[in-house]
Amino acid sequence: MGKSRNIFMCCVLMAALNAFAAMAEPDDLFRTLPAESPAKGILRISNATYYSSITANSVLKQRYGVTESHISSIITTVEFGITNNIAVSGSFPYYADLFTQDTRKGQKTGGGDISAGVRFAYKPTLAIMRGLSFGSRFVIPEKMVYGHEPLGFRQFSTGEFAYTIDASCGMGFKRVNGYFSMAMQMYPNATMQDTSYPTDVFYDTGFGYRGIGMPDDAGYSATIFQNQFHTSFGAVIPINPWLSGLAEYNSTGFISRPQREDIDRIVTGFRIGKPDRINAAIAMDFRVTGQIPVRTVLFKVNIPSVSPRGIKRAIKGIEKPSNIGEKTRAKNSFVAVKEFSRSDITYLYETELRKTFQKNLESLSVVEVVPGEKVDRALQQKALVPLEESPTDLGVRLGANYIINADVSEYSVTRKTGFTIPLVVGFPQTDFTLKARASVIDLVTGETHDLGMISATVFKKRGLRMFPLGKSSDIIYLSEPERRSMEKQLIDEWVNNFNKCIIDHIDLFDWDPKRTIVRGDEDIKG
């Protein structure tokens with residue numbers, strides 16, 4: 001039954017991978033694998049903690065007087081973008097076994113097996129998709145710290161080689177972001193057990209599940225290695241820009257001997273903080289089936305973007321680049337901002353959005369911005385040229401080394417119930433959301449660099465509603481001046497986010513000039 005379900009899940013994922021594509025900011029869950037990778041030069045860090053009560057084996061209970069026992073697994077994962085599509089990763093587990101022996105408290109703590117891997121993320125163009133990735137990881141086969149220890153419930157480090165291959169995808173809808181991932185974990189050289197026992201129990205390692213098996217006469221428990229296949233469904237439900245609900249369904253089937261019941265569990269919780277900034281999530285894990293703890297408390301901290309430039313600015317407190325080298329770069333990199341496009345006609349402020357972005361980008365002093373009027377005139381002349389121009393020809397016409405594009409894919413004004421105490425009081429609000437996919441084209445090489453989806457959301461409270469009986473959408477209408485004010489806030493927030501993205505990707509703009517002469521369209525004859 002478990003194997004058939006897993007095969008079915010594979011088919012579902014493969015169909016999704018072939019049918020869709022896209023990228024966005026990270027929306028990390030607990031066990032569902034990420035659907036994207038950090039951009040080039042960006043370091044992403046997450047720290048997840050799994051804490052649960054576990055039954056001590058009979059020898060520890062009877063011979064050593066152990067009554068209560070808990071295990072904690074703290075998994076730190078780092079990912080670094082080698083390119084905008086490929087990232088390397090590493091995970092560093094830290095384990096703690098906590099127990100009560102008579103009236104005394106005891107513990108055993110130490111590091112676990114280190115793993116390393118690589119992830120390839122595909123950046124599609126369909127707006128519904130948030131990401132698509134494939135990856136592989138392996139455990140470094142070295143016994144680095146604790147193996148068998150007195151009163152030990154598990155071996156922290158086993159020295160056994162293991163590897164996984166995985167795939168994941170994410171889709172974004174209006175009120176929920178959905179994710180699906182699958183992974184196969186294998187222990188090619190480990191000794192497999194022939195028999196399962198009712199006392200066997202499995203726990204999270206950050207690399208699938210490892211088991212605590214039958215103890216020997218001294219109380220040392222055997223480590224269970226068993227090949228397994230994981231599937232996970234996750235959902236992130238935004239409540240407001242700083243709070244989101246989380247839900248996951250995880251299923252693991254064992255694909256080697258001995259036969260065991262599948263592990264199924266449900267996770268519910270919430271995340272505080274925006275997904276593109278430092279955020280924290282807390283949740284409770286509930287067992288559905290399988291030889292695992294009944295409940296597990298989960299806690300996770302995410303740092304989605306760390307760059308050398310960001311670290312330097314944080315240490316020195318610099319808001320704007322100001323050293324000689326960066327000013328030199330500003331004279332060398334000429335950047336044109338193309339007129340912002342849109343997918344529909346519901347957003348009426350593309351011109352203002354572009355002008356605000358140009359003004360703020362120029363104030364950063366990291367690149368030289370070509371005037372918008374000159375860009376528009378050059379592109380209008382290009383449209384009259386019967387022959388297709390190369391990127392270099394376009395660069396000469398624009399007087400620029402790079403051109404920035406932004407395609408507005410979503411603009412929405414949504415009336416929400418906001419914070420509500422059912423049947424008591426409600427605080428409705430109106431949310432303004434703007435999303436646009438951005439890219440930079442190198443006009444010398446012709447290469448296009450996708451900057452991902454730039455998004456911003458602002459909201460306005462819409463008064464108070466007493467004794468709400470259902471959804472409220474029209475308590476207070478926004479006047480035209482109020483609406484225009486919110487539009488201005490939304491533009492400013494989006495531009496700030498875009499500027500941060502440019503700073504994070506500043507290495508796309510070469511330090512040295514690529515041409516000895518950069519001419520504008522006024523230098524073109526004929």
# chains A, B, ... in the order shown; residues from 1 in each chain; ligands from 1
>>> residues_around(residues="segment 75-78 of chain A", least_positions_apart="6", cutoff="8 Å", atoms="only C-alpha atoms", output="ChimeraX atom specification")
/A:43-49,89-94,205-206
>>> residues_around(residues="segment 442-458 of chain A", least_positions_apart="4", cutoff="8 Å", atoms="only C-alpha atoms", output="JSON, numbers by chain")
{"A": [23, 24, 25, 84, 241, 390, 391, 392, 394, 395, 400, 401, 402, 403, 431, 432, 433, 434, 435, 436, 437, 438, 486, 489, 490, 493, 494, 497, 498, 501, 505, 514]}
>>> atom_distance(atom1="atom CA of Pro428 of chain A", atom2="atom CA of Asn279 of chain A")
25.0 Å
>>> closest_residue(among="A:Thr55, A:Asn405, A:Ser136, A:Ser256", to="Gln291 of chain A", atoms="only C-alpha atoms")
A:Thr55
>>> closest_atom_pairs(of="segment 55-105 of chain A", to="segment 209-227 of chain A", cutoff="9 Å", atoms="only C-alpha atoms", output="Markdown table")
| residue | atom | partner | partner_atom | distance |
| --- | --- | --- | --- | --- |
| A:Asn57 | CA | A:Pro215 | CA | 7.0 |
| A:Ser58 | CA | A:Gly219 | CA | 8.1 |
| A:Val59 | CA | A:Gly219 | CA | 5.1 |
| A:Leu60 | CA | A:Gly219 | CA | 5.8 |
| A:Arg63 | CA | A:Gly219 | CA | 8.4 |
| A:Tyr64 | CA | A:Gly219 | CA | 8.8 |
>>> select_by_dssp(residues="segment 17-84 of chain A", states="helix (DSSP H, G or I)", output="JSON list (two decimals) with C-alpha atoms, in the first residue's frame")
[["chain", "number", "residue", "atom", "x", "y", "z"],
["A", 17, "LEU", "CA", 7.03, 19.60, -12.98],
["A", 18, "ASN", "CA", 6.29, 19.26, -16.68],
["A", 19, "ALA", "CA", 3.16, 21.43, -16.60],
["A", 58, "SER", "CA", 13.42, -1.60, 29.25],
["A", 59, "VAL", "CA", 17.06, -2.02, 30.34],
["A", 60, "LEU", "CA", 17.41, 1.68, 31.13],
["A", 61, "LYS", "CA", 14.18, 1.60, 33.09],
["A", 62, "GLN", "CA", 14.81, -1.56, 35.11],
["A", 63, "ARG", "CA", 18.57, -1.48, 35.64],
["A", 64, "TYR", "CA", 19.35, 2.23, 35.69]]
>>> atom_distance(atom1="atom CA of Thr414 of chain A", atom2="atom CA of Arg277 of chain A")
23.5 Å
>>> closest_residue(among="A:Ile255, A:Val440, A:Val176, A:Ile54", to="Val236 of chain A", atoms="only C-alpha atoms")
A:Val176
